Structure formats: structure tokens, C-alpha cells
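J.: Okay, so here is query_26.csv, and as you'll see once you scroll down, it has CSV, C-alpha atoms.
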chain,number,residue,atom,x,y,z
A,21,MET,CA,57.0,2.1,-20.0
A,22,LYS,CA,55.5,4.1,-22.8
A,23,ARG,CA,53.4,1.1,-23.9
A,24,ASN,CA,52.2,0.6,-20.3
A,25,LEU,CA,51.2,4.3,-20.2
A,26,THR,CA,49.2,3.9,-23.4
A,27,TYR,CA,47.4,0.9,-21.9
A,28,ILE,CA,46.7,2.8,-18.6
A,29,VAL,CA,45.3,5.8,-20.5
A,30,ALA,CA,43.3,3.6,-22.8
A,31,GLY,CA,41.9,1.7,-19.8
A,32,LEU,CA,40.9,5.0,-18.1
A,33,LEU,CA,39.2,6.3,-21.2
A,34,LEU,CA,37.4,3.0,-21.6
A,35,GLY,CA,36.5,3.0,-17.9
A,36,THR,CA,35.0,6.5,-17.9
A,37,GLY,CA,33.3,5.7,-21.2
A,38,ILE,CA,31.5,2.8,-19.6
A,39,VAL,CA,30.5,4.7,-16.5
A,40,ALA,CA,29.2,7.6,-18.5
A,41,GLN,CA,26.8,5.4,-20.4
A,42,ALA,CA,25.3,3.4,-17.5
A,43,GLY,CA,22.7,5.6,-15.9
A,44,PRO,CA,19.4,5.1,-14.3
A,45,ALA,CA,17.5,4.7,-17.6
A,46,GLU,CA,19.9,2.0,-18.6
A,47,ASP,CA,19.7,0.3,-15.2
A,48,ARG,CA,15.9,0.2,-15.5
A,49,SER,CA,15.7,-1.1,-19.1
A,50,ALA,CA,18.4,-3.7,-18.3
A,51,LEU,CA,16.4,-4.9,-15.3
A,52,ILE,CA,13.1,-5.1,-17.3
A,53,ASP,CA,15.0,-7.2,-19.9
A,54,TYR,CA,16.2,-9.5,-17.1
A,55,TYR,CA,12.7,-10.0,-15.7
A,56,LYS,CA,11.3,-10.6,-19.2
A,57,GLN,CA,13.9,-13.4,-19.5
A,58,ILE,CA,13.3,-15.1,-16.1
A,59,LEU,CA,9.6,-14.5,-16.0
A,60,PRO,CA,8.6,-14.6,-19.6
A,61,ASP,CA,4.9,-15.2,-19.0
A,62,ILE,CA,4.3,-12.0,-16.9
A,63,LYS,CA,3.4,-8.9,-18.9
A,64,PHE,CA,5.2,-5.6,-17.9
A,65,GLU,CA,1.9,-3.9,-16.9
A,66,ASN,CA,1.2,-6.8,-14.4
A,67,TYR,CA,4.4,-6.2,-12.5
A,68,ILE,CA,2.4,-4.0,-10.2
A,69,TYR,CA,0.7,-7.2,-8.9
A,70,GLY,CA,4.0,-8.8,-7.8
A,71,ALA,CA,3.5,-12.3,-6.7
A,72,LEU,CA,-0.2,-12.1,-7.5
A,73,ALA,CA,0.7,-11.9,-11.2
A,74,MET,CA,2.4,-15.3,-10.9
A,75,ASN,CA,-0.6,-17.1,-9.2
A,76,PRO,CA,-4.0,-16.8,-10.8
A,77,ASP,CA,-5.9,-18.3,-7.8
A,78,ALA,CA,-4.3,-15.7,-5.5
A,79,LYS,CA,-5.1,-12.9,-8.0
A,80,SER,CA,-8.8,-13.9,-8.2
A,81,GLN,CA,-9.0,-13.8,-4.4
A,82,TYR,CA,-7.3,-10.4,-4.4
A,83,ASP,CA,-9.8,-9.1,-7.1
A,84,ASP,CA,-12.8,-10.4,-4.9
A,85,PHE,CA,-11.4,-8.6,-1.9
A,86,MET,CA,-10.7,-5.4,-3.8
A,87,ALA,CA,-14.3,-5.3,-5.1
A,88,PHE,CA,-15.4,-4.2,-1.6
A,89,PRO,CA,-12.3,-4.0,0.6
A,90,SER,CA,-12.9,-4.4,4.3
A,91,TYR,CA,-10.3,-1.6,4.9
A,92,SER,CA,-12.6,1.0,3.4
A,93,ILE,CA,-13.8,1.9,6.9
A,94,ASP,CA,-10.2,2.7,7.9
A,95,LEU,CA,-9.6,4.5,4.7
A,96,ASP,CA,-12.4,6.8,5.5
A,97,LYS,CA,-10.3,8.0,8.5
A,98,GLY,CA,-7.6,8.9,6.0
A,99,GLN,CA,-10.1,10.8,3.9
A,100,LYS,CA,-11.4,12.7,6.9
A,101,ALA,CA,-7.8,13.6,7.8
A,102,TRP,CA,-7.1,14.9,4.3
A,103,GLU,CA,-10.3,16.9,4.1
A,104,THR,CA,-10.4,18.4,7.6
A,105,PRO,CA,-9.2,22.1,7.5
A,106,PHE,CA,-6.2,23.2,9.6
A,107,LYS,CA,-6.7,25.7,12.4
A,108,ASN,CA,-6.0,28.5,9.9
A,109,GLY,CA,-8.8,27.3,7.6
A,110,LYS,CA,-6.6,25.9,4.8
A,111,LYS,CA,-6.5,22.3,3.7
A,112,PHE,CA,-3.9,19.8,2.5
A,113,SER,CA,-5.1,20.3,-1.0
A,114,SER,CA,-3.7,23.9,-1.0
A,115,CYS,CA,-0.1,22.6,-0.6
A,116,PHE,CA,-0.1,20.5,-3.8
A,117,PRO,CA,-0.7,21.4,-7.4
A,118,ASN,CA,-4.1,20.4,-8.8
A,119,GLY,CA,-5.4,20.1,-5.2
A,120,GLY,CA,-3.4,16.9,-4.8
A,121,LYS,CA,-4.8,15.0,-7.7
A,122,ASN,CA,-2.3,13.2,-10.0
A,123,VAL,CA,0.8,14.4,-8.1
A,124,ALA,CA,2.0,11.3,-6.1
A,125,GLY,CA,3.7,9.8,-9.2
A,126,ASN,CA,6.3,12.7,-9.1
A,127,TYR,CA,7.5,11.6,-5.6
A,128,PRO,CA,10.2,11.2,-4.4
A,129,TYR,CA,12.1,14.0,-6.1
A,130,PHE,CA,15.6,15.3,-5.3
A,131,ASP,CA,15.6,18.8,-3.9
A,132,ASN,CA,18.9,20.6,-4.9
A,133,ALA,CA,18.3,23.4,-2.4
A,134,SER,CA,18.2,21.1,0.6
A,135,ASN,CA,20.4,18.5,-1.1
A,136,ARG,CA,18.2,15.6,-0.1
A,137,VAL,CA,15.5,13.3,-1.4
A,138,VAL,CA,12.0,14.6,-0.7
A,139,THR,CA,9.3,11.9,-0.3
A,140,PHE,CA,5.5,12.4,-0.4
A,141,GLU,CA,5.4,12.0,3.3
A,142,ASN,CA,8.0,14.8,3.7
A,143,ALA,CA,5.7,17.0,1.6
A,144,ILE,CA,2.8,16.2,3.8
A,145,ASN,CA,4.8,17.2,6.9
A,146,ALA,CA,6.1,20.3,5.1
A,147,CYS,CA,2.5,21.2,4.5
A,148,LEU,CA,1.6,20.7,8.1
A,149,LYS,CA,4.6,22.8,9.3
A,150,ALA,CA,3.8,25.6,6.8
A,151,ASN,CA,0.3,25.8,8.2
A,152,GLY,CA,1.3,25.9,11.9
A,153,GLU,CA,0.2,22.3,12.6
A,154,GLU,CA,2.1,19.5,14.3
A,155,GLU,CA,4.0,17.2,12.0
A,156,LEU,CA,3.1,13.5,11.8
A,157,LYS,CA,5.4,10.7,12.8
A,158,TYR,CA,6.9,8.8,9.8
A,159,GLY,CA,6.0,5.2,9.3
A,160,GLU,CA,3.1,5.2,11.8
A,161,SER,CA,-0.6,4.5,11.2
A,162,GLU,CA,-1.8,8.2,11.2
A,163,MET,CA,0.6,9.1,8.4
A,164,GLY,CA,-0.2,5.7,6.8
A,165,LEU,CA,-4.0,6.3,6.7
A,166,LEU,CA,-3.6,9.9,5.5
A,167,THR,CA,-1.2,9.0,2.7
A,168,ALA,CA,-3.3,5.9,1.8
A,169,TYR,CA,-6.2,8.3,0.9
A,170,ALA,CA,-4.0,11.2,-0.4
A,171,ARG,CA,-2.1,9.0,-2.8
A,172,SER,CA,-5.4,7.4,-4.0
A,173,LEU,CA,-6.1,10.8,-5.6
A,174,SER,CA,-3.3,9.9,-8.1
A,175,ASP,CA,-4.7,6.4,-8.9
A,176,GLY,CA,-3.9,5.5,-12.5
A,177,MET,CA,-1.1,8.1,-12.8
A,178,LYS,CA,2.1,6.5,-14.1
A,179,VAL,CA,5.1,6.6,-11.8
A,180,ASN,CA,7.2,9.5,-13.0
A,181,VAL,CA,10.3,10.0,-10.9
A,182,LYS,CA,13.1,12.1,-12.3
A,183,VAL,CA,16.8,11.7,-11.6
A,184,LYS,CA,18.6,14.7,-13.1
A,185,GLY,CA,21.7,16.4,-11.8
A,186,LYS,CA,24.7,15.4,-9.7
A,187,GLY,CA,22.9,15.4,-6.3
A,188,ALA,CA,20.0,13.4,-7.6
A,189,LEU,CA,22.3,10.9,-9.3
A,190,ALA,CA,24.3,10.5,-6.1
A,191,ALA,CA,21.2,9.8,-4.1
A,192,TYR,CA,20.0,7.3,-6.7
A,193,GLU,CA,23.3,5.5,-6.7
A,194,LYS,CA,23.3,5.3,-2.9
A,195,GLY,CA,19.8,3.7,-3.0
A,196,LYS,CA,21.0,1.3,-5.7
A,197,THR,CA,24.1,0.3,-3.7
A,198,TYR,CA,22.0,-0.2,-0.5
A,199,TYR,CA,19.6,-2.4,-2.5
A,200,ALA,CA,22.5,-4.7,-3.5
A,201,THR,CA,24.3,-4.8,-0.2
A,202,ARG,CA,24.1,-7.9,1.9
A,203,ASN,CA,22.6,-7.3,5.3
A,204,GLY,CA,21.7,-9.0,8.6
A,205,GLN,CA,22.3,-12.4,10.1
A,206,LEU,CA,20.8,-14.1,7.1
A,207,ASN,CA,23.2,-12.0,4.9
A,208,PHE,CA,20.6,-11.3,2.1
A,209,ALA,CA,20.5,-8.2,0.0
A,210,CYS,CA,17.2,-6.9,-1.2
A,211,SER,CA,18.4,-8.0,-4.7
A,212,THR,CA,19.0,-11.5,-3.4
A,213,CYS,CA,15.3,-12.1,-3.2
A,214,HIS,CA,13.7,-9.6,-5.5
A,215,ILE,CA,16.1,-9.8,-8.4
A,216,ASP,CA,18.2,-13.0,-8.2
A,217,ASN,CA,15.3,-15.2,-7.0
A,218,ALA,CA,12.2,-13.4,-8.2
A,219,GLY,CA,9.5,-15.9,-8.9
A,220,LYS,CA,11.0,-18.5,-6.6
A,221,PHE,CA,9.5,-19.4,-3.2
A,222,ILE,CA,10.9,-18.5,0.2
A,223,ARG,CA,9.1,-20.8,2.6
A,224,SER,CA,5.5,-20.4,1.5
A,225,ASP,CA,5.7,-16.9,-0.1
A,226,GLN,CA,6.5,-16.3,-3.8
A,227,LEU,CA,9.1,-13.5,-4.3
A,228,SER,CA,7.9,-10.5,-6.3
A,229,MET,CA,9.9,-8.7,-8.9
A,230,MET,CA,11.4,-5.4,-7.8
A,231,ILE,CA,9.9,-3.5,-10.7
A,232,GLY,CA,6.4,-2.5,-9.9
A,233,GLN,CA,6.8,-2.8,-6.1
A,234,ALA,CA,6.9,0.9,-5.3
A,235,SER,CA,3.7,1.8,-7.3
A,236,HIS,CA,1.2,0.7,-4.6
A,237,TRP,CA,2.1,2.0,-1.2
A,238,PRO,CA,0.9,2.3,1.6
A,239,GLU,CA,-0.8,-1.2,1.8
A,240,PHE,CA,-3.2,-2.8,4.1
A,241,ARG,CA,-1.4,-6.0,4.9
A,242,GLY,CA,-3.8,-8.7,6.0
A,243,GLY,CA,-6.5,-6.3,5.0
A,244,THR,CA,-6.3,-4.5,8.3
A,245,ASP,CA,-2.7,-3.3,9.0
A,246,ILE,CA,-1.7,-0.1,7.2
A,247,VAL,CA,2.0,-0.2,6.3
A,248,THR,CA,4.0,2.5,4.5
A,249,LEU,CA,6.8,1.7,2.0
A,250,GLN,CA,9.5,2.5,4.5
A,251,GLY,CA,7.5,0.6,7.2
A,252,ARG,CA,7.9,-2.4,4.8
A,253,PHE,CA,11.6,-1.8,4.5
A,254,LYS,CA,11.8,-2.1,8.3
A,255,GLN,CA,9.9,-5.4,8.2
A,256,CYS,CA,12.1,-6.8,5.4
A,257,GLU,CA,15.3,-5.8,7.3
A,258,LYS,CA,13.9,-7.6,10.4
A,259,ASN,CA,13.1,-10.6,8.2
A,260,VAL,CA,16.9,-10.9,7.3
A,261,ARG,CA,17.7,-10.3,11.0
A,262,ALA,CA,19.2,-6.9,10.4
A,263,THR,CA,18.6,-3.9,12.6
A,264,PRO,CA,16.1,-1.7,10.7
A,265,LYS,CA,16.8,1.9,10.0
A,266,LYS,CA,14.3,4.7,10.9
A,267,ALA,CA,11.6,5.9,8.6
A,268,ASP,CA,12.7,9.1,6.9
A,269,SER,CA,16.4,8.1,7.4
A,270,GLU,CA,18.7,9.1,4.6
A,271,GLU,CA,19.2,5.4,3.7
A,272,TYR,CA,15.5,4.7,3.4
A,273,ASN,CA,14.8,7.9,1.5
A,274,ASN,CA,17.5,7.1,-1.1
A,275,LEU,CA,16.2,3.6,-1.3
A,276,GLU,CA,12.7,4.8,-1.9
A,277,TYR,CA,14.0,7.1,-4.6
A,278,TYR,CA,15.8,4.3,-6.4
A,279,LEU,CA,13.0,1.8,-6.1
A,280,THR,CA,10.3,4.3,-7.2
A,281,TYR,CA,12.4,5.4,-10.2
A,282,MET,CA,12.7,1.7,-11.2
A,283,SER,CA,8.9,1.5,-11.3
A,284,ASN,CA,8.6,4.4,-13.7
A,285,GLY,CA,5.9,4.0,-16.4
A,286,LEU,CA,3.7,1.7,-14.3
A,287,PRO,CA,0.2,2.9,-13.1
A,288,MET,CA,-0.2,3.7,-9.4
A,289,GLN,CA,-3.0,2.3,-7.1
A,290,THR,CA,-3.3,3.2,-3.4
A,291,PRO,CA,-4.1,1.5,-1.1
A,292,VAL,CA,-4.1,-2.2,-2.0
A,293,PHE,CA,-4.5,-5.4,-0.1
A,294,ARG,CA,-1.7,-7.8,0.5
A,295,LYS,CA,-1.9,-11.0,2.6
B,1,MET,CA,-25.9,4.9,12.8
B,2,ALA,CA,-25.6,5.8,9.2
B,3,GLU,CA,-21.8,5.5,8.8
B,4,ALA,CA,-21.6,2.2,10.6
B,5,MET,CA,-22.7,0.0,7.7
B,6,LYS,CA,-21.6,-0.2,4.1
B,7,MET,CA,-23.5,-2.4,1.7
B,8,ARG,CA,-23.4,-3.5,-1.9
B,9,ALA,CA,-25.9,-5.7,-3.8
B,10,THR,CA,-25.2,-6.6,-7.4
B,11,MET,CA,-26.9,-9.2,-9.6
B,12,GLU,CA,-24.8,-12.2,-10.7
B,13,GLY,CA,-27.0,-14.2,-13.1
B,14,ASP,CA,-30.2,-15.0,-11.2
B,15,VAL,CA,-28.8,-14.4,-7.7
B,16,VAL,CA,-27.9,-11.2,-5.9
B,17,ASP,CA,-24.5,-11.0,-4.4
B,18,VAL,CA,-24.7,-9.0,-1.2
B,19,LYS,CA,-21.6,-7.7,0.6
B,20,VAL,CA,-21.9,-5.9,4.0
B,21,LEU,CA,-19.2,-4.2,6.0
B,22,ILE,CA,-20.2,-3.2,9.6
B,23,GLN,CA,-18.0,-0.9,11.7
B,24,HIS,CA,-17.8,-2.5,15.2
B,25,PRO,CA,-15.0,-3.1,17.7
B,26,MET,CA,-16.1,-6.7,18.3
B,27,GLU,CA,-14.4,-7.0,21.7
B,28,THR,CA,-14.3,-10.5,22.9
B,29,GLY,CA,-14.1,-9.6,26.6
B,30,LEU,CA,-10.9,-11.6,27.0
B,31,ARG,CA,-8.4,-8.8,26.0
B,32,LYS,CA,-6.7,-6.8,28.7
B,33,ASP,CA,-6.0,-3.1,28.5
B,34,ALA,CA,-2.2,-2.7,28.2
B,35,LYS,CA,-2.0,0.1,30.7
B,36,THR,CA,-4.6,-0.7,33.4
B,37,GLU,CA,-4.3,-4.5,33.0
B,38,LYS,CA,-8.1,-4.7,33.4
B,39,LEU,CA,-10.2,-6.8,31.0
B,40,ILE,CA,-11.8,-4.8,28.2
B,41,PRO,CA,-15.6,-5.6,28.4
B,42,ALA,CA,-17.1,-7.8,25.7
B,43,HIS,CA,-18.8,-5.7,23.0
B,44,PHE,CA,-19.8,-7.7,20.0
B,45,ILE,CA,-22.6,-8.1,17.5
B,46,ASN,CA,-24.5,-11.2,18.4
B,47,GLN,CA,-27.4,-11.2,15.9
B,48,VAL,CA,-27.6,-10.4,12.2
B,49,VAL,CA,-30.8,-10.6,10.2
B,50,ALA,CA,-31.1,-10.0,6.5
B,51,THR,CA,-34.3,-9.4,4.6
B,52,LEU,CA,-35.4,-9.3,1.0
B,53,ASN,CA,-38.3,-6.8,0.5
B,54,GLY,CA,-39.1,-7.3,4.2
B,55,LYS,CA,-39.0,-11.1,4.2
B,56,ILE,CA,-36.3,-12.7,6.4
B,57,VAL,CA,-33.7,-14.6,4.3
B,58,LEU,CA,-30.8,-14.9,6.8
B,59,ASP,CA,-30.7,-15.1,10.6
B,60,ALA,CA,-27.3,-15.5,12.1
B,61,GLN,CA,-26.0,-15.7,15.7
B,62,TRP,CA,-22.5,-14.4,15.9
B,63,GLY,CA,-20.0,-15.0,18.7
B,64,VAL,CA,-16.6,-13.6,19.8
B,65,GLY,CA,-14.8,-15.4,16.9
B,66,ILE,CA,-15.9,-12.8,14.4
B,67,ALA,CA,-13.2,-10.1,13.8
B,68,GLN,CA,-13.3,-6.4,14.2
B,69,ASN,CA,-15.2,-4.4,11.5
B,70,PRO,CA,-16.9,-7.6,10.3
B,71,PHE,CA,-17.6,-8.4,6.7
B,72,ILE,CA,-20.4,-10.7,5.6
B,73,GLY,CA,-21.2,-11.7,2.1
B,74,PHE,CA,-24.2,-13.8,1.0
B,75,ARG,CA,-26.2,-14.6,-2.1
B,76,ILE,CA,-30.0,-14.5,-2.4
B,77,LYS,CA,-31.8,-16.5,-5.1
B,78,GLY,CA,-34.8,-15.1,-6.8
B,79,ALA,CA,-34.0,-11.4,-6.3
B,80,LYS,CA,-34.1,-8.9,-9.1
B,81,PRO,CA,-32.8,-5.3,-9.7
B,82,GLY,CA,-34.9,-2.8,-7.7
B,83,ASP,CA,-35.5,-5.2,-4.7
B,84,LYS,CA,-34.6,-3.9,-1.3
B,85,VAL,CA,-32.1,-5.9,0.8
B,86,GLY,CA,-32.1,-4.9,4.5
B,87,VAL,CA,-29.5,-5.9,7.2
B,88,ASN,CA,-30.3,-5.5,10.9
B,89,ALA,CA,-27.6,-6.2,13.5
B,90,VAL,CA,-27.8,-6.1,17.3
B,91,ASP,CA,-24.9,-6.2,19.7
B,92,ASN,CA,-24.7,-7.6,23.2
B,93,LEU,CA,-25.3,-4.1,24.7
B,94,GLY,CA,-28.5,-3.8,22.7
B,95,THR,CA,-27.2,-1.3,20.2
B,96,LYS,CA,-28.8,-1.7,16.8
B,97,PHE,CA,-27.2,-1.3,13.4
B,98,ASP,CA,-29.4,-1.0,10.3
B,99,GLY,CA,-28.7,-0.8,6.6
B,100,GLU,CA,-30.6,-1.1,3.4
B,101,VAL,CA,-29.5,-1.3,-0.2
B,102,VAL,CA,-31.3,-1.4,-3.5
B,103,VAL,CA,-30.2,-4.2,-5.8
B,104,ALA,CA,-28.3,-2.8,-8.7
Can you present the structure in this file as C-alpha cells?
T.:
Amino acid sequence: MKRNLTYIVAGLLLGTGIVAQAGPAEDRSALIDYYKQILPDIKFENYIYGALAMNPDAKSQYDDFMAFPSYSIDLDKGQKAWETPFKNGKKFSSCFPNGGKNVAGNYPYFDNASNRVVTFENAINACLKANGEEELKYGESEMGLLTAYARSLSDGMKVNVKVKGKGALAAYEKGKTYYATRNGQLNFACSTCHIDNAGKFIRSDQLSMMIGQASHWPEFRGGTDIVTLQGRFKQCEKNVRATPKKADSEEYNNLEYYLTYMSNGLPMQTPVFRK
Amino acid sequence: MAEAMKMRATMEGDVVDVKVLIQHPMETGLRKDAKTEKLIPAHFINQVVATLNGKIVLDAQWGVGIAQNPFIGFRIKGAKPGDKVGVNAVDNLGTKFDGEVVVA
């Protein structure tokens, strides 16, 4: 009896010891080590290119397109939306430090006061609300085009998401769990494709590694279709025949928080082309 | 229409690589309006002419197969920095789109 008690106590101590050491920073470095093992030829800074980093021909087509992207006409709409003053005369730049330059890498962050993850799009809508304007719908093209331009003001900034404090850690863990949970008729988790099988092909597409994905949203998919990160979550969930959640849902916000944290240290670029 | 055309002309060896982006709906005339169920009338660019210092180097007839906000890229041999590349487009309603760029 006494010996069992000793084992139980030792086990608890050992258990809590392990939990206390494995935090977000450890998760991230463990995952980077994993990708270095399974994709040894890809440099860390090229993770932002995803599948393009694994296919030189595709990458050169991408570079050609990005030299003069055909979406620049659509992007001008986003620029106009960002620069047009509100009815009260103020502009979006007044809501962000530094006029909105080099801020996007700090999003999402965990707001202890409201006990929730705050995304860049939440901040845009908070700005609209504070200035007596109508908020934009999440995941739709108006928000997409505006944030495509607004986030481009932070191009080159390294992703710099912080996870500090109990609330933040809980949200991070929820995002992490969601990422690894099997879903839909096809019963795939996000990790099934982007961790377990990164670099392999699913039909004709090569699967990108998870680290680096969150650094370049929203994207012009096909060069014409503006898609936000959470819009892409919806598409991926449909791809595994799951019912997608809504943009700005707690699940997607926590997921965005987790994913963006995991891309810390990588330079941002918005918007970009994907096929 | 100043905003309608974006152009870029950069030297690559002894040819100039010209890229042009034109803002245009390029309606085929075969699409139906979702609400009224009526056909949206055809409205597309049907001729594009490019010039180098005033001399015609490209003359294209476009049809409904060209996508919205069309992009055209072409190379001109024998151009040098400082030359003017002009692009003039006309659509089926007679509206003209003109752009000019100096070779970088």
C-alpha cells in the first residue's frame, strides 16, 4: 500500500513535470525539427512558400506572376478602402500604432479583458465600430480586399504572436487540439495532411508544411479569388467533407492563434498568389 | 481612362519584356444575371494594338475567350531604354483604352 502510494505520487510529480515543460515554444521547435527531418532540402525561411518550395518549376511560375500580379487591380480596391476616411473624418490608420505599418505580425493576440483571441480582422471591425461605421462581414471579399492591402503594410515583418498567461495558453491549446482532431467524412485532421504527410501528394497537389502557412494571408487563389485564412479553413473542412465552422467562430480564432504562433519568426507577405 | 491600364516594360538582354494589365469586365454575352435571368450583354475588348515609338509591332483581335481584367505580355526585339511602348485597345462598344510606358 505504502509502496503503491509512493509510485502514485512519483507518477504525479513526473506527470506534472512533463506538462510544465511542454509549452508553445517547445511545440514549435519540435515541429521545426520534425520538418527538417522529413524535408531536409527545404530551408526554414522558404517554409513561407509551402508546396512551391518543393517544386522549382512551380516556384519560377509563381515568381513570374508575382513580378506583375494580375490581382493588382483588385488590390487597388483594398487600398482605396483603407485610405478612404470615415464619415467622421478619421481613417483606419488612426486605429493602429504606426499608422498600421508593421503591426500585422502581432496578430492574433489574446485579450485578457474580453477573454478571447483577437484577430487582425477583429481589430478592423473594432476600428469601424469605434468610428460609428458599419462592421464588415468576416470571411467575405470586402474584408478580404481591405485586409489584403492593410496587411501588406507589414510586409517583411516577422510573425510575432505571443502566448502568455493562462487564458492565452488555454486558447492556444484549444487551437492545437482542433488541429490534431480528425474531422469529416474523410476523417482527416489538419495534421494528417500538413504534418504527417507534408511533402507527399494528395491527388495532384503537394501538401505544404504547417509552419509558414499563416504568414501570407489573405491570398488570391487562382490569381483572382481573394480568400482569408479562415475562409481557407472553411474550404479545407469542406475538402474532408466536414461541416465548416463560421468565420470569427471561437474554434477558428483559436486555430488561427495556434497556427500563426507556429509561424513565428518567418517574414510576412500579403497578398500572394496561389493556384 | 487613366486607371484602366497598368504597364511595365523592362529590358531583358536585347529584347524588352512588356506586361500590360487592362481593367475590363470582358463579358461574353452568354452569362445570365442571377436575379433577372436575363443575358448580360457582351462587353469585351476586341482589338489590341501595340506600338514601339509609334510603329505598330503587335495587332491582336480578341474574342470572348479572354478573361476579365486581361493580362498580355509580349517581347519586342530591337528596343532600348528610353523607347516608348504604346498599347491601344478598343472594345465592342467602341470604348478606347490607351496606355504608354517608357522602357526602363
J.: What are the residues of chain A that have an atom within 8 Å of an atom of chain B, counting all atoms listed in the file, as a list of chain:residue names?
T.: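 Every residue of chain A that passes the 8 Å test is in A:Phe88, A:Ser90, A:Ile93.
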J.: Might you pull out every residue within 9 Å of Lys84 of chain B, with all atoms listed in the file counted and same-chain residues fewer than 6 positions away left off, and present them as a PyMOL selection string?
T.: chain B and resi 51-54+100-103
J.: Quick one: distance from atom CA of Gly159 of chain A to atom CA of Ala143 of chain A in Å, one decimal?
T.: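 Between atom CA of Gly159 of chain A and atom CA of Ala143 of chain A the gap is 14.1 Å.
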J.: Looking at only C-alpha atoms, which of A:Arg202, A:Arg294, A:Arg223, A:Lys97 is the one that sits closest to His236 of chain A?
T.: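 Residue with the minimum atom-to-atom distance to His236 of chain A: A:Arg294.
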J.: With distances taken over all atoms listed in the file, which residue among A:Val292, A:Ala71, A:Ile58, A:Ala234 lies nearest Asn180 of chain A?
T.: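 Nearest to Asn180 of chain A: A:Ala234.
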J.: Give me, as a PyMOL selection string, all polymer residues having an atom no more than 10 Å from His43 of chain B, counting all atoms listed in the file and skipping those fewer than 2 positions away in the same chain.
T.: chain B and resi 24-29+40-41+45-46+64+91-95
J.: What does the distance from atom CA of Lys258 of chain A to atom CA of Gln226 of chain A come to in Å, to one decimal?
T.: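 Rounded to one decimal, the two atoms are 18.2 Å apart.
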J.: When you draw a straight line from atom CA of Arg136 of chain A to atom CA of Phe116 of chain A, how long is it in Å?
T.: 19.3 Å
